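Text of the file structure-v3.cif, holding mmCIF, C-alpha atoms:
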```
data_input
loop_
_atom_site.label_atom_id
_atom_site.label_comp_id
_atom_site.auth_asym_id
_atom_site.auth_seq_id
_atom_site.Cartn_x
_atom_site.Cartn_y
_atom_site.Cartn_z
CA MET A 1 9.22 4.92 46.88
CA ARG A 2 12.93 5.06 46.32
CA ARG A 3 12.94 1.38 45.50
CA LEU A 4 10.14 1.88 43.03
CA LEU A 5 12.03 4.69 41.29
CA ASN A 6 15.13 2.53 41.26
CA PHE A 7 13.19 -0.31 39.71
CA ILE A 8 11.74 1.95 37.05
CA TYR A 9 15.15 3.39 36.27
CA LYS A 10 16.72 -0.04 36.03
CA ASN A 11 14.05 -1.32 33.67
CA ARG A 12 13.51 1.92 31.81
CA THR A 13 14.18 0.44 28.40
CA PHE A 14 11.74 -2.40 28.88
CA ILE A 15 9.09 -0.06 30.28
CA LEU A 16 9.57 2.34 27.37
CA PHE A 17 9.36 -0.58 24.95
CA VAL A 18 6.07 -1.80 26.44
CA PHE A 19 4.72 1.76 26.55
CA LEU A 20 5.49 2.38 22.87
CA GLU A 21 3.97 -0.95 21.81
CA ILE A 22 0.77 -0.18 23.75
CA LEU A 23 0.66 3.23 22.08
CA CYS A 24 0.98 1.53 18.67
CA ALA A 25 -1.81 -0.90 19.56
CA LEU A 26 -4.11 1.99 20.51
CA LEU A 27 -3.32 3.76 17.23
CA ILE A 28 -4.02 0.61 15.22
CA VAL A 29 -7.37 0.07 16.94
CA GLN A 30 -8.34 3.68 16.41
CA ASN A 31 -7.37 3.54 12.74
CA ASN A 32 -9.48 0.42 12.22
CA ARG A 33 -12.63 2.38 12.77
CA TYR A 34 -14.49 2.57 9.52
CA GLN A 35 -14.56 6.34 9.25
CA SER A 36 -11.89 8.05 11.26
CA SER A 37 -10.38 11.40 11.94
CA ALA A 38 -8.37 12.87 9.14
CA PHE A 39 -5.15 13.80 10.84
CA TYR A 40 -3.32 10.49 11.07
CA ASN A 41 -3.32 9.47 7.43
CA SER A 42 -2.42 10.56 3.96
CA SER A 43 -5.26 13.07 3.74
CA ASN A 44 -3.04 15.16 6.01
CA TYR A 45 -1.98 18.27 4.10
CA PHE A 46 1.75 17.66 4.15
CA ILE A 47 1.54 14.02 3.15
CA GLY A 48 -1.08 14.79 0.52
CA SER A 49 1.26 17.37 -1.00
CA VAL A 50 4.15 14.92 -1.10
CA TYR A 51 1.97 12.36 -2.86
CA ASN A 52 0.61 15.02 -5.18
CA PHE A 53 4.13 15.99 -6.16
CA SER A 54 5.24 12.42 -6.73
CA ASP A 55 2.07 11.70 -8.72
CA ASN A 56 2.72 14.72 -10.91
CA VAL A 57 6.03 13.17 -11.86
CA LYS A 58 4.73 9.64 -12.30
CA SER A 59 1.61 10.60 -14.22
CA TYR A 60 3.68 11.57 -17.26
CA PHE A 61 4.40 7.94 -17.86
CA SER A 62 0.75 6.90 -17.90
CA LEU A 63 -0.63 9.86 -19.83
CA SER A 64 -1.36 8.04 -23.09
CA GLY A 65 -3.18 5.22 -21.32
CA VAL A 66 -5.25 7.67 -19.28
CA ASN A 67 -6.09 9.62 -22.45
CA GLU A 68 -7.30 6.47 -24.15
CA ASP A 69 -9.52 5.58 -21.20
CA LEU A 70 -11.04 9.03 -21.06
CA ALA A 71 -11.65 9.10 -24.84
CA GLU A 72 -13.29 5.69 -24.60
CA GLU A 73 -15.51 6.88 -21.78
CA ASN A 74 -16.43 9.98 -23.76
CA ALA A 75 -17.47 7.86 -26.71
CA GLN A 76 -19.53 5.65 -24.42
CA LEU A 77 -21.28 8.66 -22.89
CA ARG A 78 -21.97 10.14 -26.32
CA LYS A 79 -23.55 6.89 -27.38
CA LEU A 80 -25.80 6.87 -24.30
CA LEU A 81 -26.78 10.47 -24.86
CA GLU A 82 -27.69 9.77 -28.48
CA GLN A 83 -29.73 6.73 -27.47
CA LYS A 84 -31.53 8.85 -24.91
CA ASN A 85 -32.27 11.57 -27.49
CA GLN A 86 -33.54 9.06 -30.01
CA SER A 87 -35.78 7.34 -27.48
CA LEU A 88 -37.51 10.64 -26.70
CA PHE A 89 -38.85 10.76 -30.27
CA ASN A 90 -40.84 7.66 -29.51
CA LEU A 91 -44.30 8.62 -28.26
CA GLY A 92 -44.57 5.65 -25.91
CA VAL A 93 -41.58 6.72 -23.78
CA ARG A 94 -42.37 9.02 -20.90
CA GLU A 95 -39.63 11.15 -19.53
CA ASN A 96 -39.02 11.49 -15.83
CA ARG A 97 -39.28 15.21 -15.20
CA ASP A 98 -38.87 15.34 -11.43
CA PRO A 99 -35.79 17.52 -10.92
CA GLU A 100 -35.23 16.07 -7.46
CA LEU A 101 -34.75 12.61 -8.94
CA LEU A 102 -32.99 13.75 -12.09
CA GLN A 103 -30.37 15.54 -10.06
CA GLN A 104 -30.19 13.01 -7.27
CA TYR A 105 -26.55 12.18 -7.92
CA GLU A 106 -23.82 14.70 -8.36
CA TYR A 107 -20.34 13.63 -9.39
CA VAL A 108 -17.08 15.26 -8.33
CA ASP A 109 -14.09 14.27 -10.41
CA ALA A 110 -10.86 13.57 -8.56
CA LYS A 111 -7.38 12.39 -9.37
CA VAL A 112 -5.88 9.39 -7.63
CA ILE A 113 -2.59 10.51 -6.12
CA ASN A 114 -1.78 7.38 -4.17
CA ASN A 115 -3.05 3.86 -4.41
CA SER A 116 -2.18 0.44 -3.04
CA THR A 117 -3.44 -3.01 -3.95
CA ARG A 118 -1.16 -5.47 -2.23
CA TRP A 119 -2.13 -5.01 1.41
CA PHE A 120 -5.00 -6.62 3.22
CA ASP A 121 -6.64 -3.23 3.77
CA ASN A 122 -5.94 -0.95 0.83
CA TYR A 123 -6.48 2.79 0.66
CA ILE A 124 -6.60 5.34 -2.13
CA THR A 125 -5.70 9.00 -1.66
CA ILE A 126 -7.49 11.48 -3.92
CA ASP A 127 -6.88 15.19 -4.47
CA LYS A 128 -10.31 16.51 -3.49
CA GLY A 129 -11.50 17.18 0.04
CA LYS A 130 -13.94 18.98 2.30
CA LYS A 131 -13.44 22.14 0.25
CA HIS A 132 -15.03 20.39 -2.73
CA GLY A 133 -17.95 19.07 -0.72
CA LEU A 134 -16.70 15.57 0.03
CA GLU A 135 -17.81 13.77 3.17
CA PRO A 136 -16.93 10.42 4.76
CA GLY A 137 -19.20 7.64 3.53
CA MET A 138 -19.61 8.80 -0.06
CA GLY A 139 -19.16 6.29 -2.86
CA VAL A 140 -16.32 6.47 -5.37
CA ILE A 141 -16.63 5.11 -8.91
CA ASN A 142 -14.94 5.39 -12.27
CA SER A 143 -15.92 4.57 -15.83
CA SER A 144 -15.39 0.83 -15.48
CA GLY A 145 -17.10 0.25 -12.15
CA ILE A 146 -17.07 0.96 -8.45
CA VAL A 147 -13.88 1.93 -6.64
CA GLY A 148 -14.62 2.37 -2.93
CA LYS A 149 -16.04 4.55 -0.18
CA VAL A 150 -14.59 7.72 1.32
CA LYS A 151 -13.03 7.04 4.73
CA SER A 152 -11.88 10.44 5.87
CA VAL A 153 -11.54 13.92 4.42
CA SER A 154 -9.29 16.86 5.13
CA ARG A 155 -9.53 20.28 3.55
CA ASN A 156 -7.82 19.37 0.29
CA TYR A 157 -7.44 15.60 0.24
CA SER A 158 -9.42 12.47 1.05
CA VAL A 159 -8.61 8.88 1.88
CA VAL A 160 -10.85 6.26 0.31
CA ASN A 161 -11.38 2.71 1.51
CA SER A 162 -10.69 0.83 -1.69
CA MET A 163 -12.96 -2.06 -2.73
CA LEU A 164 -9.82 -4.03 -1.85
CA HIS A 165 -10.35 -3.51 1.88
CA SER A 166 -11.38 -6.24 4.26
CA LYS A 167 -14.19 -4.20 5.79
CA VAL A 168 -15.82 -2.82 2.65
CA ILE A 169 -18.98 -4.78 1.81
CA VAL A 170 -21.04 -3.68 -1.17
CA SER A 171 -24.71 -4.46 -1.52
CA SER A 172 -25.00 -6.03 -4.95
CA LYS A 173 -27.34 -7.77 -7.33
CA ILE A 174 -27.07 -10.41 -10.06
CA LYS A 175 -28.09 -8.46 -13.12
CA ARG A 176 -29.76 -11.29 -15.04
CA THR A 177 -31.88 -12.71 -12.21
CA GLY A 178 -32.16 -9.70 -9.92
CA ASP A 179 -31.16 -11.58 -6.78
CA LEU A 180 -29.49 -9.64 -3.98
CA CYS A 181 -26.10 -10.53 -2.56
CA SER A 182 -23.00 -8.80 -1.11
CA THR A 183 -19.54 -8.40 -2.50
CA GLN A 184 -16.40 -8.42 -0.39
CA TRP A 185 -12.74 -8.67 -1.28
CA ASN A 186 -10.95 -11.90 -0.39
CA GLY A 187 -7.68 -10.25 0.63
CA LYS A 188 -5.48 -11.94 -1.94
CA ASP A 189 -5.94 -11.21 -5.63
CA PRO A 190 -6.61 -7.54 -6.59
CA TYR A 191 -8.59 -8.75 -9.62
CA GLU A 192 -11.02 -10.97 -7.72
CA ALA A 193 -13.64 -10.73 -4.99
CA ASP A 194 -16.16 -13.02 -3.28
CA LEU A 195 -19.92 -12.92 -3.54
CA PHE A 196 -21.89 -13.81 -0.42
CA TYR A 197 -25.49 -14.78 0.28
CA VAL A 198 -26.41 -16.00 -3.19
CA PRO A 199 -29.21 -18.46 -2.36
CA LYS A 200 -29.14 -21.97 -3.84
CA HIS A 201 -32.33 -21.61 -5.86
CA VAL A 202 -30.75 -19.00 -8.16
CA GLN A 203 -29.71 -20.39 -11.54
CA LEU A 204 -26.31 -18.76 -11.48
CA GLN A 205 -24.08 -18.96 -14.54
CA ILE A 206 -20.43 -18.22 -15.08
CA GLY A 207 -20.17 -14.83 -16.79
CA ASP A 208 -23.22 -13.29 -15.09
CA THR A 209 -22.78 -9.59 -14.44
CA VAL A 210 -22.86 -8.36 -10.84
CA ILE A 211 -24.08 -4.79 -10.30
CA THR A 212 -24.78 -2.52 -7.33
CA SER A 213 -28.25 -2.90 -5.90
CA GLY A 214 -28.84 0.77 -5.20
CA HIS A 215 -30.45 -0.25 -1.91
CA ASN A 216 -28.08 1.83 0.14
CA ALA A 217 -27.50 5.47 -0.57
CA VAL A 218 -23.79 5.13 -1.30
CA PHE A 219 -23.68 3.94 -4.90
CA PRO A 220 -26.20 4.60 -7.66
CA ALA A 221 -28.03 1.47 -8.82
CA GLU A 222 -26.71 -0.65 -11.70
CA MET A 223 -23.05 0.26 -11.44
CA ILE A 224 -20.94 -2.66 -12.65
CA ILE A 225 -18.93 -4.52 -10.00
CA GLY A 226 -17.72 -7.54 -11.96
CA THR A 227 -18.58 -10.84 -13.61
CA VAL A 228 -19.04 -14.27 -12.05
CA LYS A 229 -15.89 -16.30 -12.48
CA ASP A 230 -16.27 -19.40 -10.40
CA ILE A 231 -19.20 -21.11 -8.64
CA ASN A 232 -18.84 -23.68 -5.88
CA SER A 233 -21.74 -25.29 -4.17
CA ASP A 234 -21.47 -27.42 -1.09
CA ASP A 235 -24.57 -29.49 -0.29
CA GLU A 236 -24.57 -28.46 3.36
CA ASP A 237 -24.25 -24.74 2.78
CA LEU A 238 -27.25 -22.50 2.37
CA PHE A 239 -25.51 -20.28 -0.15
CA TYR A 240 -23.22 -20.64 -3.12
CA GLU A 241 -19.53 -19.86 -2.82
CA VAL A 242 -18.97 -17.51 -5.71
CA SER A 243 -15.88 -15.65 -6.81
CA ILE A 244 -16.15 -12.81 -9.26
CA ARG A 245 -13.73 -11.04 -11.53
CA LEU A 246 -13.70 -7.33 -10.69
CA ALA A 247 -14.53 -4.96 -13.54
CA ASN A 248 -12.01 -2.42 -12.38
CA ASP A 249 -8.26 -2.75 -12.69
CA PHE A 250 -7.25 -1.33 -9.33
CA ASN A 251 -3.59 -1.26 -10.32
CA ALA A 252 -4.33 1.30 -13.01
CA LEU A 253 -6.65 3.80 -11.36
CA SER A 254 -6.10 7.35 -12.55
CA TYR A 255 -9.28 9.45 -12.39
CA VAL A 256 -12.34 8.69 -10.29
CA TYR A 257 -15.71 10.26 -9.54
CA VAL A 258 -17.03 10.80 -6.03
CA VAL A 259 -20.79 10.28 -5.82
CA LYS A 260 -22.75 12.85 -3.86
CA ASN A 261 -26.26 11.66 -3.20
CA ARG A 262 -28.57 14.58 -2.53
CA LEU A 263 -31.33 12.34 -1.19
CA LYS A 264 -29.10 10.37 1.17
CA VAL A 265 -30.09 12.31 4.26
CA GLU A 266 -33.76 11.97 3.44
CA LYS A 267 -33.49 8.24 2.77
CA ASP A 268 -31.41 7.55 5.87
CA SER A 269 -33.61 9.54 8.19
CA LEU A 270 -36.74 7.92 6.79
CA GLU A 271 -35.22 4.49 7.32
CA ASN A 272 -34.13 5.38 10.82
CA ILE A 273 -37.58 6.58 11.75
CA SER A 274 -39.25 3.48 10.40
CA GLY A 275 -36.70 1.27 12.16
CA VAL A 276 -35.10 -0.29 9.14
CA ASN A 277 -31.53 -1.12 10.06
CA GLU A 278 -30.25 -2.33 6.78
CA GLN A 279 -26.64 -3.38 6.72
CA GLN A 280 -24.85 -1.81 3.82
CA MET B 1 28.09 10.56 19.31
CA SER B 2 29.49 13.71 17.80
CA SER B 3 27.04 16.27 16.45
CA ASN B 4 28.32 15.54 12.96
CA ARG B 5 27.18 11.96 13.14
CA ILE B 6 23.82 12.93 14.62
CA ILE B 7 23.22 15.22 11.65
CA SER B 8 24.19 12.52 9.18
CA GLN B 9 21.80 10.11 10.92
CA VAL B 10 18.96 12.63 10.73
CA LEU B 11 19.66 13.17 7.03
CA ALA B 12 19.73 9.40 6.52
CA PHE B 13 16.35 9.18 8.26
CA PHE B 14 14.72 11.62 5.82
CA ALA B 15 16.41 10.01 2.83
CA TYR B 16 15.27 6.50 3.78
CA VAL B 17 11.68 7.49 4.58
CA LEU B 18 11.32 9.47 1.35
CA VAL B 19 12.82 6.70 -0.78
CA GLN B 20 10.55 4.23 0.98
CA VAL B 21 7.30 6.09 0.34
CA LEU B 22 8.10 7.54 -3.07
CA VAL B 23 10.00 4.75 -4.77
CA PHE B 24 9.48 1.46 -2.99
CA GLU B 25 5.78 1.82 -2.32
CA ASP B 26 5.09 1.00 -5.95
CA ILE B 27 7.65 -1.74 -6.38
CA GLY B 28 6.84 -5.36 -5.73
CA PHE B 29 7.42 -8.74 -7.28
CA LEU B 30 4.63 -11.25 -7.95
CA ASP B 31 2.18 -9.26 -5.78
CA ARG B 32 3.77 -10.96 -2.79
CA SER B 33 6.97 -9.17 -1.97
CA PHE B 34 7.42 -5.69 -0.61
CA CYS B 35 10.64 -3.91 0.10
CA PHE B 36 10.95 -2.01 3.36
CA ILE B 37 14.26 -0.32 2.81
CA TYR B 38 13.75 1.94 5.83
CA VAL B 39 14.58 -1.02 8.08
CA SER B 40 18.13 -0.56 6.83
CA PHE B 41 18.26 2.84 8.54
CA LEU B 42 17.24 1.24 11.84
CA LEU B 43 19.76 -1.58 11.51
CA LEU B 44 22.69 0.71 10.72
CA ILE B 45 22.44 3.14 13.64
CA PRO B 46 25.84 3.14 15.44
CA ILE B 47 26.22 0.42 18.03
CA GLU B 48 26.88 2.51 21.13
CA THR B 49 23.59 4.46 20.82
CA SER B 50 21.50 4.09 23.97
CA VAL B 51 18.49 1.81 23.88
CA VAL B 52 16.07 4.61 24.78
CA ILE B 53 17.11 6.58 21.70
CA LEU B 54 16.96 3.43 19.58
CA LEU B 55 13.38 2.73 20.67
CA LEU B 56 12.31 6.30 20.01
CA ALA B 57 14.05 6.26 16.62
CA GLY B 58 12.21 3.05 15.74
CA PHE B 59 8.89 4.54 16.81
CA VAL B 60 9.35 7.79 14.90
CA THR B 61 10.57 6.05 11.74
CA GLY B 62 7.76 3.51 11.77
CA LEU B 63 5.19 6.20 12.43
CA SER B 64 6.45 8.36 9.55
CA VAL B 65 6.15 5.45 7.14
CA ASP B 66 2.72 4.62 8.60
CA LEU B 67 1.43 8.10 7.86
CA PHE B 68 2.17 7.59 4.19
CA TYR B 69 0.87 4.02 4.07
CA ASN B 70 -2.39 4.83 5.91
CA SER B 71 -1.56 2.05 8.34
CA ILE B 72 -0.98 4.04 11.51
CA GLY B 73 0.75 2.02 14.25
CA ILE B 74 1.57 -1.09 12.22
CA HIS B 75 5.03 -0.17 10.97
CA ALA B 76 5.71 1.59 14.27
CA SER B 77 5.00 -1.50 16.36
CA ALA B 78 7.20 -3.71 14.17
CA SER B 79 10.03 -1.16 14.20
CA VAL B 80 9.95 -0.67 17.97
CA LEU B 81 10.11 -4.43 18.46
CA VAL B 82 13.08 -4.71 16.10
CA MET B 83 14.91 -1.92 17.90
CA TYR B 84 14.34 -3.64 21.23
CA LEU B 85 15.60 -6.98 19.91
CA ARG B 86 18.51 -5.35 18.09
CA THR B 87 20.42 -4.59 21.27
CA ILE B 88 19.94 -8.09 22.66
CA TRP B 89 20.95 -9.62 19.33
CA LEU B 90 24.02 -7.37 19.03
CA ASN B 91 25.14 -8.36 22.52
CA SER B 92 24.96 -12.03 21.69
CA LEU B 93 26.91 -11.47 18.47
CA THR B 94 29.75 -9.54 20.12
CA PRO B 95 33.00 -10.39 18.35
CA GLN B 96 36.12 -11.26 20.30
CA GLY B 97 37.39 -8.15 22.02
CA GLY B 98 34.02 -6.40 21.90
CA TYR B 99 32.83 -3.58 19.70
CA ASP B 100 35.02 -0.53 19.12
CA LEU B 101 33.72 2.88 20.04
CA GLY B 102 31.73 4.47 17.24
CA MET B 103 31.36 1.26 15.29
CA THR B 104 28.45 0.89 12.88
CA PRO B 105 27.07 -2.56 12.06
CA THR B 106 27.75 -2.35 8.31
CA ILE B 107 29.19 -4.85 5.83
CA LYS B 108 32.25 -2.65 5.36
CA VAL B 109 33.10 -2.78 9.05
CA MET B 110 31.89 -6.21 10.10
CA GLY B 111 31.97 -8.32 6.92
CA ILE B 112 29.15 -9.88 4.91
CA THR B 113 28.79 -13.09 6.95
CA TRP B 114 28.44 -11.29 10.24
CA PHE B 115 26.04 -8.80 8.67
CA THR B 116 23.83 -11.55 7.25
CA VAL B 117 23.62 -13.27 10.63
CA TYR B 118 22.85 -9.91 12.24
CA SER B 119 20.30 -8.48 9.82
CA LEU B 120 18.39 -11.39 8.31
CA PRO B 121 16.63 -12.54 11.53
CA LEU B 122 15.78 -8.95 12.48
CA ILE B 123 14.31 -8.20 9.04
CA PHE B 124 12.36 -11.47 9.22
CA ILE B 125 10.89 -10.59 12.64
CA HIS B 126 10.02 -7.09 11.45
CA HIS B 127 8.14 -8.42 8.42
CA LEU B 128 6.51 -11.22 10.41
CA VAL B 129 5.04 -8.77 12.92
CA LEU B 130 4.17 -6.27 10.20
CA PHE B 131 2.16 -8.62 8.00
CA PHE B 132 0.39 -10.50 10.78
CA VAL B 133 -0.63 -7.29 12.52
CA GLU B 134 -1.84 -5.98 9.17
CA VAL B 135 -3.99 -9.05 8.56
CA GLY B 136 -5.29 -8.63 12.11
CA GLY B 137 -4.40 -11.95 13.75
CA ILE B 138 -3.45 -15.44 12.70
CA LYS B 139 -5.47 -15.55 9.50
CA MET B 140 -4.55 -16.77 6.04
CA VAL B 141 -1.29 -18.12 7.52
CA GLY B 142 0.11 -19.67 4.35
CA PHE B 143 -0.51 -16.64 2.20
CA THR B 144 0.84 -14.22 4.77
CA LEU B 145 3.92 -16.37 5.44
CA THR B 146 4.84 -16.45 1.75
CA LYS B 147 4.50 -12.66 1.77
CA VAL B 148 6.79 -12.48 4.82
CA ILE B 149 9.45 -14.76 3.37
CA PHE B 150 9.54 -13.20 -0.09
CA SER B 151 9.58 -9.69 1.34
CA THR B 152 12.35 -10.58 3.80
CA LEU B 153 14.55 -11.77 0.95
CA PHE B 154 13.67 -8.72 -1.18
CA THR B 155 14.40 -6.27 1.62
CA PHE B 156 17.63 -8.05 2.57
CA ILE B 157 18.93 -7.96 -1.00
CA MET B 158 18.09 -4.26 -1.31
CA VAL B 159 19.76 -3.52 2.06
CA VAL B 160 22.95 -5.25 0.94
CA ILE B 161 22.92 -3.50 -2.45
CA THR B 162 22.43 -0.10 -0.79
CA GLN B 163 25.43 -0.76 1.38
CA TYR B 164 27.66 -1.65 -1.51
CA ILE B 165 26.58 1.51 -3.32
CA PHE B 166 26.39 4.12 -0.57
CA TYR B 167 28.38 2.92 2.42
CA GLN B 168 31.60 1.80 0.75
CA LYS B 169 33.44 5.09 0.63
CA LYS B 170 32.77 5.94 4.25
CA GLN B 171 35.91 5.67 6.34
CA ARG B 172 35.80 3.54 9.42
CA THR B 173 35.71 5.99 12.30
#
```

The structure in this file should be written as structure tokens.
Amino acid sequence: MRRLLNFIYKNRTFILFVFLEILCALLIVQNNRYQSSAFYNSSNYFIGSVYNFSDNVKSYFSLSGVNEDLAEENAQLRKLLEQKNQSLFNLGVRENRDPELLQQYEYVDAKVINNSTRWFDNYITIDKGKKHGLEPGMGVINSSGIVGKVKSVSRNYSVVNSMLHSKVIVSSKIKRTGDLCSTQWNGKDPYEADLFYVPKHVQLQIGDTVITSGHNAVFPAEMIIGTVKDINSDDEDLFYEVSIRLANDFNALSYVYVVKNRLKVEKDSLENISGVNEQQ
Amino acid sequence: MSSNRIISQVLAFFAYVLVQVLVFEDIGFLDRSFCFIYVSFLLLIPIETSVVILLLAGFVTGLSVDLFYNSIGIHASASVLVMYLRTIWLNSLTPQGGYDLGMTPTIKVMGITWFTVYSLPLIFIHHLVLFFVEVGGIKMVGFTLTKVIFSTLFTFIMVVITQYIFYQKKQRT
């Protein structure tokens, strides 16, 4: 026993070193879980406040750009509203009057207070949390396209898995042909992503728009993801190798909307009961 | 260590972590290079500090940065490794006559050549571990290695500049 204690004392630095490294490894593994507890990241109240403060200072420099974006989005929405109003005058158009479906999606606006694009797994911190009805797993979008999925929430802040995250896969669709595929970031360029499972029979063209499929309950259907930039086809592969240009500029995120889907629970439970295990 | 120096080290800790997460998180060249100025704090802790304290300091510093970067454990593991290697590396770099009591491994005290030999490999190892753990294994080796090399140079230059600005007036104690 005495020898053992002696040994431990002699090698205490090495033992402490190994202990700390194992602790780090455990923390890393725990953090890699897709949706994790809120305490160990920037949704923590103190860290959120620090980021909020620093963003308050920094945001002065981007105000004019943000204003322009918001004005542009307003104009776009006005145009859509007017089109909608005009179309109702046409007798052939029938309006969907089911309030359940009309109010399926609710949007919570949030401000990006911290953002990264240069890591392999990137996260965004936003200034809304559990208090505002956010939950892990909700989709996050902005006016130009999809942004990510909520990873964890605290009372006042949330951390979002950015689209630029190695584990975020988005169920998507080629708009022109309607073929399903999935989008995933390639880990390098924040303006590009890869498209998987596009079958060879599809007549894909450069410039085709890629949108969300709406098949999972995270994002509404027909949200823009990006446009096809490059197509490679190897004779032996079953699918094309496609890279797309992302619609969103992740370096310039300012305001985002969190998507609350009121029918998510119903859809998920129905799919669970009927044994559909669709991968998102 | 006198209590005065402990307090100045604690203040330096807060200053470095805050500068790291508020200023340097947004700064990068060519999308490839990051600056981890907080490594400078770890490298400049006085030489006679015991290894146990060094390891704990590395762990706490790394963990604080991790909290802000949403990368819990990654910076901590790299920092702990650097603090462990630091002692071994310092011992093999001992100048003739050994280190004086209360010496800090700064450019002012040890000279720029010695400091380069001391800090560059440690910064490189820190970044190597950091980026490969972040990627999650030996993937995208070329891309990650360019990140490591560019960031090492960036960090090293910033560490040297900080020393010329902030550590010059300090008297050798």

Sphere at (-9.0, 8.7, -2.7), radius 7 Å, counting all atoms listed in the file: residues as a PyMOL selection string: chain A and resi 112+124-126+150+158-160

Reference answer for the PyMOL selection byres ((chain B and resi 43-58) around 8), as a PyMOL selection string: (chain A and resi 12-13+16-17) or (chain B and resi 1+9+39-42+59-62+76+79-80+82-84+86-87+99+101-106+119)

Explicit residues for the PyMOL selection byres ((chain A and resi 123) around 12) (as a PyMOL selection string): (chain A and resi 34+41-43+112-122+124-126+147-152+158-168+250) or (chain B and resi 67-71)

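Among the candidate residues A:Asn186, A:Glu72, A:Pro136, A:Ser154, the one lying nearest to chain B is A:Asn186, with distances computed using only C-alpha atoms.
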
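Non-sequential neighbours of Thr144 of chain B (distance at most 12 Å, separation of 6 or more positions within a chain, only C-alpha atoms) are Arg118, Trp119, Phe120, Gly187 and Lys188 of chain A; Asp31, Arg32, Ser33, His127, Leu128, Val129, Leu130, Phe131, Phe132, Val133, Glu134, Val135, Gly136, Gly137, Ile138, Phe150 and Ser151 of chain B.
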
Residue members of the PyMOL selection byres ((chain B and resi 24) around 12) in the file shown, as a VMD selection string: (chain A and resid 116) or (chain B and resid 16 to 23 25 to 29 33 to 38 65 68 to 69 151 154 to 155 158)

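Note that the spacing between atom CA of Ser144 of chain A and atom CA of Gly226 of chain A amounts to 9.4 Å.
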